[in-house]
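Undergrad: Following this line is my_file34.txt, made up of compact mmCIF, C-alpha atoms:
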```
# COMPACT_ATOMS: atom_id res chain seq x y z
CA MET L 1 -45.50 20.70 43.70
CA ALA L 2 -41.98 21.20 44.92
CA SER L 3 -41.51 24.04 47.35
CA LEU L 4 -40.04 27.33 46.18
CA LYS L 5 -36.92 26.76 48.19
CA ALA L 6 -36.33 23.31 46.72
CA LEU L 7 -36.73 24.66 43.18
CA LYS L 8 -34.31 27.47 43.83
CA VAL L 9 -31.71 25.04 45.12
CA ARG L 10 -32.23 22.79 42.10
CA ILE L 11 -31.81 25.67 39.66
CA ASN L 12 -28.59 26.74 41.32
CA SER L 13 -27.18 23.24 41.23
CA VAL L 14 -27.96 22.88 37.52
CA LYS L 15 -26.36 26.25 36.93
CA SER L 16 -23.11 25.21 38.54
CA THR L 17 -23.13 21.96 36.57
CA GLN L 18 -23.53 24.02 33.43
CA LYS L 19 -20.56 26.14 34.39
CA ILE L 20 -18.42 23.04 34.75
CA THR L 21 -19.48 21.49 31.45
CA LYS L 22 -18.91 24.80 29.71
CA ALA L 23 -15.40 25.03 31.14
CA MET L 24 -14.68 21.45 30.11
CA LYS L 25 -15.84 22.23 26.61
CA MET L 26 -13.48 25.18 26.39
CA VAL L 27 -10.59 23.09 27.66
CA ALA L 28 -11.39 20.33 25.18
CA ALA L 29 -11.53 22.85 22.34
CA ALA L 30 -8.11 24.22 23.23
CA LYS L 31 -6.61 20.76 23.60
CA LEU L 32 -8.27 19.61 20.41
CA ARG L 33 -6.44 22.19 18.38
CA ARG L 34 -3.12 21.06 19.75
CA ALA L 35 -3.93 17.37 19.34
CA GLN L 36 -5.08 17.95 15.79
CA GLU L 37 -1.88 19.77 14.90
CA ALA L 38 0.15 16.98 16.46
CA ALA L 39 -1.77 14.35 14.51
CA GLU L 40 -1.15 16.23 11.29
CA ALA L 41 2.52 16.84 12.05
CA GLY L 42 3.06 13.10 12.38
CA ARG L 43 1.52 12.23 9.06
CA PRO L 44 4.47 12.87 6.69
CA TYR L 45 6.67 10.42 8.58
CA ALA L 46 4.06 7.70 8.75
CA GLN L 47 3.21 8.06 5.08
CA ARG L 48 6.82 7.96 3.91
CA LEU L 49 7.61 5.00 6.08
CA GLU L 50 4.56 3.18 4.82
CA SER L 51 5.40 3.74 1.20
CA VAL L 52 9.00 2.67 1.74
CA VAL L 53 8.00 -0.48 3.59
CA ALA L 54 5.50 -1.28 0.87
CA SER L 55 7.99 -0.84 -1.94
CA LEU L 56 10.60 -2.89 -0.09
CA ALA L 57 8.15 -5.60 0.83
CA SER L 58 7.14 -5.98 -2.79
CA LYS L 59 10.77 -6.54 -3.76
CA VAL L 60 11.77 -9.05 -1.12
CA THR L 61 10.54 -12.54 -1.77
CA VAL L 62 8.89 -13.98 1.31
CA SER L 63 10.68 -17.14 2.36
CA GLU L 64 11.45 -19.10 5.50
CA SER L 65 14.34 -16.85 6.30
CA SER L 66 12.55 -13.53 5.91
CA PRO L 67 11.64 -11.65 9.06
CA LYS L 68 8.60 -12.98 10.86
CA LEU L 69 7.11 -9.51 10.97
CA ILE L 70 6.45 -9.68 7.25
CA ALA L 71 6.11 -13.40 6.61
CA GLY L 72 3.85 -14.13 9.57
CA THR L 73 4.13 -17.18 11.78
CA GLY L 74 2.45 -19.40 9.24
CA LYS L 75 -0.54 -19.77 11.51
CA ASP L 76 -3.74 -17.84 11.95
CA GLN L 77 -4.89 -19.10 15.31
CA VAL L 78 -4.12 -16.64 18.07
CA HIS L 79 -5.20 -13.06 17.47
CA LEU L 80 -4.07 -10.23 19.66
CA PHE L 81 -6.33 -7.20 19.88
CA VAL L 82 -4.47 -4.05 20.78
CA VAL L 83 -7.23 -1.76 21.95
CA ALA L 84 -6.24 1.86 22.36
CA THR L 85 -8.66 4.01 24.33
CA SER L 86 -8.18 6.78 26.85
CA ASP L 87 -7.86 6.82 30.60
CA LYS L 88 -10.60 9.30 31.19
CA GLY L 89 -14.32 9.27 30.61
CA LEU L 90 -16.72 12.14 29.95
CA ALA L 91 -15.96 12.01 26.27
CA GLY L 92 -19.28 10.92 24.87
CA ALA L 93 -19.23 7.58 23.13
CA PHE L 94 -15.51 7.74 22.32
CA ASN L 95 -14.33 4.84 24.47
CA THR L 96 -17.53 2.88 24.08
CA ASN L 97 -17.33 2.92 20.30
CA ILE L 98 -13.81 1.55 20.19
CA ALA L 99 -14.58 -1.11 22.78
CA ARG L 100 -17.75 -2.07 20.94
CA LEU L 101 -15.92 -2.59 17.65
CA ALA L 102 -13.28 -4.69 19.40
CA ARG L 103 -15.95 -6.72 21.16
CA ARG L 104 -17.84 -7.42 17.96
CA ARG L 105 -14.71 -8.51 16.11
CA ALA L 106 -13.66 -10.65 19.08
CA GLN L 107 -17.00 -12.41 19.11
CA GLU L 108 -16.74 -13.06 15.37
CA MET L 109 -13.24 -14.48 15.77
CA ILE L 110 -14.25 -16.66 18.69
CA ALA L 111 -17.20 -17.94 16.68
CA GLU L 112 -14.71 -18.97 14.00
CA GLY L 113 -12.85 -21.00 16.58
CA LYS L 114 -9.90 -18.65 16.99
CA THR L 115 -8.28 -17.54 20.18
CA VAL L 116 -8.48 -13.85 21.00
CA LYS L 117 -6.23 -12.09 23.45
CA PHE L 118 -6.39 -8.50 24.57
CA TYR L 119 -3.72 -5.91 25.08
CA THR L 120 -5.26 -2.66 26.15
CA ILE L 121 -3.80 0.80 26.16
CA GLY L 122 -6.08 2.96 28.25
CA ARG L 123 -8.11 2.24 31.34
CA LYS L 124 -11.56 2.75 29.86
CA GLY L 125 -11.23 0.08 27.21
CA ARG L 126 -9.95 -2.31 29.78
CA ALA L 127 -12.91 -1.75 32.06
CA VAL L 128 -15.41 -2.75 29.36
CA LEU L 129 -13.51 -5.65 27.88
CA ASN L 130 -12.45 -7.06 31.21
CA ARG L 131 -16.08 -7.63 32.08
CA LEU L 132 -16.76 -9.59 28.88
CA PHE L 133 -13.51 -11.45 28.38
CA PRO L 134 -11.98 -11.60 31.83
CA LYS L 135 -9.53 -14.40 31.06
CA SER L 136 -8.11 -13.14 27.78
CA PHE L 137 -6.00 -10.28 29.05
CA VAL L 138 -2.34 -10.28 28.19
CA HIS L 139 -1.35 -6.89 29.42
CA SER L 140 -2.81 -3.45 29.95
CA ILE L 141 -1.22 -0.07 29.97
CA GLU L 142 -2.50 3.17 31.41
CA PRO L 143 -0.91 5.86 29.31
CA GLY L 144 -2.27 8.85 31.22
CA ASP L 145 -2.86 12.00 29.24
CA LEU L 146 -3.01 11.03 25.57
CA GLY L 147 -2.02 14.48 24.44
CA LYS L 148 1.33 14.26 26.18
CA LEU L 149 2.44 10.94 24.74
CA ALA L 150 5.86 11.02 23.18
CA PHE L 151 7.17 8.77 20.49
CA ALA L 152 9.41 7.05 23.02
CA ASP L 153 6.31 5.72 24.81
CA ALA L 154 4.88 4.26 21.63
CA ARG L 155 8.23 2.69 20.86
CA GLY L 156 8.26 1.06 24.28
CA TYR L 157 4.84 -0.49 23.68
CA ALA L 158 5.86 -1.60 20.20
CA GLU L 159 9.02 -3.26 21.47
CA ASP L 160 6.97 -5.12 24.03
CA LEU L 161 4.53 -6.23 21.32
CA VAL L 162 7.26 -7.37 18.96
CA ALA L 163 8.97 -9.28 21.77
CA ARG L 164 5.73 -11.06 22.55
CA TYR L 165 5.28 -11.81 18.88
CA GLU L 166 8.78 -13.24 18.54
CA ALA L 167 8.09 -15.38 21.61
CA GLY L 168 5.10 -16.84 19.78
CA GLU L 169 2.40 -15.46 22.04
CA PHE L 170 0.20 -14.60 19.09
CA ASP L 171 0.04 -14.89 15.29
CA VAL L 172 -1.74 -11.75 14.20
CA ALA L 173 -2.14 -8.41 15.91
CA HIS L 174 -4.94 -5.99 15.22
CA LEU L 175 -4.97 -2.43 16.40
CA PHE L 176 -8.19 -0.70 17.39
CA TYR L 177 -8.37 3.04 17.66
CA SER L 178 -10.54 5.95 16.70
CA HIS L 179 -9.77 7.62 13.42
CA PHE L 180 -10.11 11.38 13.62
CA LYS L 181 -12.18 12.45 10.64
CA SER L 182 -13.41 15.77 11.89
CA VAL L 183 -14.44 17.40 15.14
CA LEU L 184 -17.88 15.89 14.76
CA THR L 185 -17.08 12.45 13.44
CA GLN L 186 -14.59 9.99 14.81
CA GLU L 187 -14.58 6.53 13.39
CA PRO L 188 -13.54 3.45 15.34
CA THR L 189 -11.04 1.68 13.12
CA GLU L 190 -9.37 -1.71 12.98
CA GLN L 191 -5.94 -2.14 11.44
CA GLN L 192 -3.71 -5.16 11.18
CA ILE L 193 -0.24 -4.24 12.39
CA ILE L 194 1.53 -7.59 12.70
CA PRO L 195 2.42 -9.10 10.29
CA VAL L 196 2.53 -6.17 7.90
CA ALA L 197 -0.59 -6.47 5.80
CA PRO L 198 -0.31 -5.56 2.13
CA SER L 199 -3.53 -3.60 2.50
CA SER L 200 -2.04 -1.40 5.21
CA VAL L 201 -0.71 0.82 2.45
CA PRO L 202 -3.35 3.41 1.80
CA GLU L 203 -4.38 3.87 -1.79
CA GLY L 204 -2.96 6.88 -3.51
CA THR L 205 0.48 6.70 -1.95
CA VAL L 206 2.77 6.16 -4.85
CA PRO L 207 5.68 3.92 -3.94
CA SER L 208 8.52 6.36 -3.61
CA THR L 209 10.90 4.30 -5.67
CA ALA L 210 9.35 4.55 -9.07
CA ALA L 211 12.46 3.25 -10.81
CA PRO L 212 13.23 0.11 -8.84
CA ALA L 213 16.16 -1.01 -10.94
CA ALA L 214 18.49 1.83 -10.12
CA VAL L 215 18.12 2.08 -6.36
CA ILE L 216 21.19 1.35 -4.27
CA TYR L 217 20.46 -0.37 -0.99
CA GLU L 218 22.75 0.00 1.92
CA PRO L 219 23.19 -2.55 3.53
CA ASP L 220 20.68 -4.65 1.48
CA GLU L 221 16.92 -4.89 1.11
CA GLU L 222 16.45 -7.57 3.74
CA ALA L 223 18.59 -5.85 6.35
CA ILE L 224 16.82 -2.56 5.83
CA LEU L 225 13.47 -4.28 6.06
CA ALA L 226 14.46 -6.04 9.28
CA ASP L 227 15.38 -2.66 10.71
CA LEU L 228 12.29 -0.88 9.47
CA LEU L 229 9.57 -3.34 10.38
CA PRO L 230 9.75 -2.98 14.16
CA ARG L 231 9.97 0.78 13.62
CA ASN L 232 6.87 0.60 11.49
CA VAL L 233 4.93 -1.06 14.31
CA ALA L 234 5.96 1.74 16.65
CA ILE L 235 4.93 4.35 14.13
CA GLN L 236 1.55 2.79 13.54
CA LEU L 237 0.95 2.68 17.29
CA PHE L 238 2.11 6.23 17.71
CA ARG L 239 -0.10 7.44 14.92
CA ALA L 240 -3.09 5.58 16.33
CA MET L 241 -2.55 7.19 19.70
CA ARG L 242 -2.21 10.62 18.18
CA GLU L 243 -5.44 10.07 16.29
CA ASN L 244 -7.01 8.87 19.51
CA ALA L 245 -5.90 11.97 21.36
CA ALA L 246 -7.52 14.20 18.77
CA SER L 247 -10.65 12.05 18.64
CA GLU L 248 -10.97 12.04 22.39
CA GLN L 249 -10.88 15.81 22.60
CA GLY L 250 -13.28 16.17 19.68
CA SER L 251 -15.69 13.74 21.22
CA LYS L 252 -15.36 15.40 24.60
CA MET L 253 -16.05 18.80 23.12
CA THR L 254 -19.23 17.61 21.43
CA ALA L 255 -20.40 15.79 24.55
CA MET L 256 -19.78 18.79 26.78
CA ASP L 257 -21.46 21.11 24.31
CA ASN L 258 -24.55 18.92 24.44
CA ALA L 259 -24.42 18.79 28.22
CA THR L 260 -24.21 22.57 28.42
CA ARG L 261 -27.18 22.93 26.13
CA ASN L 262 -29.21 20.38 28.07
CA ALA L 263 -28.43 22.19 31.30
CA GLY L 264 -29.63 25.42 29.70
CA ASP L 265 -32.93 23.79 28.72
CA LEU L 266 -33.34 22.39 32.18
CA ILE L 267 -32.70 25.77 33.77
CA LYS L 268 -35.31 27.33 31.53
CA ARG L 269 -37.89 24.70 32.44
CA LEU L 270 -37.17 24.93 36.14
CA SER L 271 -37.33 28.74 36.06
CA ILE L 272 -40.79 28.62 34.52
CA GLN L 273 -41.85 26.15 37.17
CA TYR L 274 -40.37 28.37 39.85
CA ASN L 275 -42.12 31.49 38.58
CA ARG L 276 -45.46 29.68 38.37
CA ALA L 277 -45.08 28.41 41.92
CA ARG L 278 -44.19 31.88 43.11
CA GLN L 279 -47.22 33.40 41.41
CA ALA L 280 -49.48 30.69 42.78
CA ALA L 281 -48.22 31.45 46.26
CA ILE L 282 -48.86 35.18 45.83
CA THR L 283 -52.33 34.54 44.46
CA THR L 284 -53.17 32.29 47.40
CA GLU L 285 -51.93 34.91 49.81
CA LEU L 286 -53.99 37.63 48.14
CA VAL L 287 -57.10 35.47 48.12
CA GLU L 288 -56.60 34.86 51.82
CA ILE L 289 -56.25 38.55 52.58
CA ILE L 290 -59.26 39.54 50.47
CA SER L 291 -61.52 36.87 51.88
CA GLY L 292 -60.32 37.80 55.35
CA ALA L 293 -61.23 41.47 54.68
CA GLU L 294 -64.60 40.51 53.26
CA ALA L 295 -65.43 38.42 56.31
CA LEU L 296 -65.21 41.49 58.51
CA MET C 1 20.23 22.62 -5.30
CA LEU C 2 19.33 19.52 -3.39
CA HIS C 3 15.91 19.33 -1.80
CA PHE C 4 16.35 18.06 1.72
CA GLU C 5 13.74 16.95 4.24
CA LEU C 6 14.23 15.81 7.80
CA VAL C 7 11.19 14.19 9.35
CA THR C 8 10.59 12.77 12.82
CA PRO C 9 7.44 11.01 13.99
CA GLU C 10 6.52 14.15 15.86
CA ARG C 11 7.03 16.74 13.17
CA LEU C 12 8.65 17.86 9.96
CA VAL C 13 11.93 19.32 11.18
CA ARG C 14 13.41 20.65 7.94
CA SER C 15 12.30 21.11 4.41
CA GLU C 16 14.68 23.25 2.39
CA ASP C 17 17.03 23.43 -0.56
CA VAL C 18 20.68 22.97 0.32
CA HIS C 19 23.99 22.36 -1.37
CA MET C 20 25.01 19.09 0.27
CA VAL C 21 24.11 16.89 3.20
CA VAL C 22 26.40 14.35 4.85
CA VAL C 23 24.42 11.45 6.28
CA PRO C 24 25.75 9.03 8.90
CA GLY C 25 24.86 5.75 7.20
CA THR C 26 25.19 2.38 8.91
CA GLU C 27 27.97 1.44 6.54
CA GLY C 28 29.71 4.80 6.65
CA ASP C 29 28.99 8.47 6.13
CA PHE C 30 27.97 9.57 2.69
CA GLY C 31 27.47 12.97 1.15
CA VAL C 32 24.46 13.67 -1.01
CA LEU C 33 24.58 16.33 -3.70
CA GLU C 34 22.05 17.25 -6.31
CA GLY C 35 21.52 14.48 -8.85
CA HIS C 36 22.62 11.66 -6.55
CA ALA C 37 21.66 8.16 -7.67
CA PRO C 38 18.57 6.69 -5.95
CA LEU C 39 19.66 5.22 -2.66
CA MET C 40 18.19 3.82 0.47
CA SER C 41 20.20 3.36 3.62
CA THR C 42 19.67 2.84 7.29
CA ILE C 43 21.40 5.33 9.54
CA ARG C 44 23.29 5.07 12.77
CA ASP C 45 23.08 7.57 15.61
CA GLY C 46 25.26 10.49 14.68
CA ASN C 47 25.45 13.96 13.25
CA LEU C 48 23.85 15.11 10.07
CA GLU C 49 25.89 17.81 8.37
CA ILE C 50 24.06 20.31 6.26
CA TYR C 51 26.03 22.54 3.87
CA LYS C 52 23.79 25.40 2.81
CA THR C 53 26.31 26.46 0.16
CA GLY C 54 29.58 25.02 -0.95
CA ALA C 55 31.74 27.35 1.11
CA THR C 56 30.05 27.64 4.50
CA THR C 57 30.74 25.61 7.59
CA PRO C 58 28.12 22.92 8.00
CA GLU C 59 25.21 23.02 10.39
CA THR C 60 25.00 19.80 12.38
CA ILE C 61 21.88 18.11 13.67
CA ARG C 62 22.12 15.06 15.88
CA ILE C 63 19.83 12.27 14.73
CA GLU C 64 19.02 8.85 16.14
CA GLY C 65 17.61 5.80 14.45
CA GLY C 66 15.94 5.73 11.09
CA PHE C 67 16.87 5.77 7.45
CA ALA C 68 17.64 7.99 4.52
CA GLU C 69 16.18 7.85 1.07
CA VAL C 70 17.41 9.57 -2.06
CA ASN C 71 15.13 9.72 -5.07
CA GLU C 72 14.52 12.05 -7.96
CA ARG C 73 12.79 14.52 -5.64
CA GLY C 74 15.74 14.82 -3.29
CA LEU C 75 16.90 13.51 0.05
CA THR C 76 14.54 12.49 2.83
CA VAL C 77 15.88 11.54 6.23
CA LEU C 78 13.44 9.79 8.54
CA ALA C 79 14.82 9.88 12.06
CA GLU C 80 13.26 8.84 15.30
CA LYS C 81 14.88 11.70 17.11
CA ALA C 82 16.44 14.94 15.89
CA GLU C 83 17.83 17.79 17.92
```
Please express the file's structure as structure tokens.

TA:
Amino acid sequence: MASLKALKVRINSVKSTQKITKAMKMVAAAKLRRAQEAAEAGRPYAQRLESVVASLASKVTVSESSPKLIAGTGKDQVHLFVVATSDKGLAGAFNTNIARLARRRAQEMIAEGKTVKFYTIGRKGRAVLNRLFPKSFVHSIEPGDLGKLAFADARGYAEDLVARYEAGEFDVAHLFYSHFKSVLTQEPTEQQIIPVAPSSVPEGTVPSTAAPAAVIYEPDEEAILADLLPRNVAIQLFRAMRENAASEQGSKMTAMDNATRNAGDLIKRLSIQYNRARQAAITTELVEIISGAEAL
Amino acid sequence: MLHFELVTPERLVRSEDVHMVVVPGTEGDFGVLEGHAPLMSTIRDGNLEIYKTGATTPETIRIEGGFAEVNERGLTVLAEKAE
């Protein structure tokens, strides 16, 4: 049995751990609210843009001359996986889940004979994927605090992506991020961002131009589309990162809540052990004194 | 009255009923009043002028990058940046 002193030290150390996890939970809860509001504030823009792109895309006939972002490169060989995670750990399975989905899809693609490249946003995703696919990295970005990302950052990444696409580095780009469903559930999600997939338009969004005949386009459909498509990539990235920020905090809050509870259980168990040890010591002492007195 | 919305990726900046809005389109400024024909236009960096009523001086908002859409529900300006 551990000595009384050792137990006491152990209990105190668990107690201070519990204090830290509790504080982290509070911080995550506060940040979560902000991240959630930010994610919701960005939705109207993304939805409108999506519906406009969809209604335009349905009107423009895809030909050789149409922008590559909508027509594709005509090949389906090189796939780029844009994996958005966070820079920090201690958020439960948040980063692991995204990386796992990306890994599974990558293995499927490779089994089909396709080439997979990685473009990571966030240090944690990079750490996992780098171990498995060390030679497939194109670029990795460490965005820092996800909650503080501005649209300008997302646009920078998107411009980089589009430039790489135009240069023929890849044919299809998939985006991996965690969809924020609720505080308790975050779902790792895959989305094709380049070229614009027809299925990227969520069901239920009515194309905003219900009467297509009467709409005036200025300059013309193709020019507007060419302007909007790179913007759309930026928006999708931005939205994914906003969702990620909210998911990260949600996941962190749950993880820290569990940690706090576990620490509480541990403290309870250790206290019982400590009390028993203390009583045993007292009993032994008493027995010694009594038997000593009896011996006289 | 014309229903007018100004949206950026970060938030919904404006959503209100106004008299007229002058939008800096790529091919020239255009004013949108109630009952405007459906229109879609890209915008250049410039000032958006909002006339709350016919007589007042306009309120200007600087916007950068994006596009404007007019449909039966009103005018929606999607801008990357608005101040």

Undergrad: In Å, with one decimal, what is the gap from CA of Thr120 in chain L to CA of Pro9 in chain C?

TA: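 Here the two named atoms are 22.3 Å from each other.
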
Undergrad: With a cut-off of 10 Å and counting all atoms listed in the file, select all residues of chain L in contact with chain C and give the selection as JSON, numbers by chain.

TA: {"L": [37, 38, 39, 40, 41, 42, 43, 44, 45, 46, 48, 49, 52, 150, 151, 152, 155, 208, 209, 210, 211, 212, 213, 214, 215, 216, 217, 218, 219, 220, 221, 223, 224, 225, 227, 228, 231, 234, 235, 238, 239, 242]}

Undergrad: Pick out the residues sitting within 10 Å of Ser3 in chain L, and hand them over as a PyMOL selection string; count all atoms listed in the file, and ignore anything fewer than 6 positions along from it in its own chain.

TA: chain L and resi 274+277-278

Undergrad: Give me, please, the distance in Å between CA of Pro24 in chain C and CA of His36 in chain C, quoted to one decimal.

TA: 16.0 Å

Undergrad: Go through C:Val21, C:Ile63, C:Ala55, C:Ala82 one by one, measure the shortest atom-to-atom distance of each to Glu34 in chain C using all atoms listed in the file, and give the residue with the smallest value.

TA: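 Smallest distance to Glu34 in chain C is found for C:Val21.
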
Undergrad: Would you mind listing what lies within 9 Å of Lys22 in chain L as a PyMOL selection string, with all atoms listed in the file counted and same-chain residues fewer than 3 positions away left out?

TA: chain L and resi 17-19+25-27+256-257+259-260

Undergrad: Which is closest to Ala245 in chain L among L:Lys135, L:Arg126, L:Arg261, L:Arg34, if we use only C-alpha atoms?

TA: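 Once distances to Ala245 in chain L are computed over only C-alpha atoms, the minimum belongs to L:Arg34.
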
Undergrad: Would you list the contacts of Thr254 in chain L as a VMD selection string, taking every protein, DNA or RNA residue within 9 Å and counting all atoms listed in the file, but skipping same-chain residues closer than 4 positions in sequence?

TA: chain L and resid 25 91 to 92 183 to 184 249 to 250 258 to 259

Undergrad: Counting only C-alpha atoms, figure out which residue out of C:Glu16, C:Val23, C:Leu48, C:Glu59 gets nearest to Met1 in chain C.

TA: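 The answer is C:Glu16, which sits nearest to Met1 in chain C.
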
Undergrad: What separation in Å, quoted to one decimal, exists between CA of Leu90 in chain L and CA of Leu237 in chain L?

TA: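 Between CA of Leu90 in chain L and CA of Leu237 in chain L the gap works out to 23.7 Å.
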
Undergrad: Excluding Lys114 in chain L and its own-chain neighbours fewer than 4 positions away, which residues fall within 10 Å of it when counting all atoms listed in the file? Please give them as a list in words.

TA: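 Neighbouring residues, sequence-local ones excluded: Asp76, Gln77, Val78, His79, Ala106, Gln107, Glu108, Met109 and Ile110 of chain L.
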
Undergrad: Any chance you could export the current selection's C-alpha atoms as a compact mmCIF listing (two decimals), in the coordinates of the input?

TA:
```
# COMPACT_ATOMS: atom_id res chain seq x y z
CA ASP L 76 -3.74 -17.84 11.95
CA GLN L 77 -4.89 -19.10 15.31
CA VAL L 78 -4.12 -16.64 18.07
CA HIS L 79 -5.20 -13.06 17.47
CA ALA L 106 -13.66 -10.65 19.08
CA GLN L 107 -17.00 -12.41 19.11
CA GLU L 108 -16.74 -13.06 15.37
CA MET L 109 -13.24 -14.48 15.77
CA ILE L 110 -14.25 -16.66 18.69
```

Undergrad: I need the residue nearest Ala35 in chain L from this list: L:Val83, L:Leu149, L:Ile282, L:Ala263. Use only C-alpha atoms for the distance.

TA: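 Among the listed residues, the smallest separation from Ala35 in chain L belongs to L:Leu149.
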
Undergrad: From the options C:Ile50, C:Glu83, C:Arg44, C:Thr60, which residue's atoms come nearest to Ser15 in chain C, counting all atoms listed in the file?

TA: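 Going through C:Ile50, C:Glu83, C:Arg44, C:Thr60 one by one, the smallest distance to Ser15 in chain C is for C:Ile50.
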
Undergrad: Pick the closest to Gly89 in chain L from L:Gln273, L:Ser251, L:Thr284, L:Thr185: which is it, counting only C-alpha atoms?

TA: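 Ranking L:Gln273, L:Ser251, L:Thr284, L:Thr185 by distance to Gly89 in chain L, first place goes to L:Ser251.
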
Undergrad: Would you pick out the contacts of Lys124 in chain L at 8 Å or less, using all atoms listed in the file, so that residues sharing its chain but fewer than 4 positions from it are not included, and give the list as a ChimeraX atom specification?

TA: /L:85-89,95,128

Undergrad: Just the selected residues (C-alpha atoms), exported as an mmCIF file, in the coordinates of the input, please.

TA:
```
data_model
loop_
_atom_site.group_PDB
_atom_site.id
_atom_site.type_symbol
_atom_site.label_atom_id
_atom_site.label_comp_id
_atom_site.auth_asym_id
_atom_site.auth_seq_id
_atom_site.Cartn_x
_atom_site.Cartn_y
_atom_site.Cartn_z
ATOM 1 C CA THR L 85 -8.660 4.010 24.330
ATOM 2 C CA SER L 86 -8.180 6.780 26.850
ATOM 3 C CA ASP L 87 -7.860 6.820 30.600
ATOM 4 C CA LYS L 88 -10.600 9.300 31.190
ATOM 5 C CA GLY L 89 -14.320 9.270 30.610
ATOM 6 C CA ASN L 95 -14.330 4.840 24.470
ATOM 7 C CA VAL L 128 -15.410 -2.750 29.360
#
```

Undergrad: I need every residue sitting at most 9 Å from the point (27.1, 14.7, -2.8) (coordinates as in the file, only C-alpha atoms considered), written as a list in words.

TA: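 Protein, DNA and RNA residues close to (27.1, 14.7, -2.8): His19, Met20, Val21, Val22, Phe30, Gly31, Val32, Leu33, Glu34, Gly35 and His36 of chain C.
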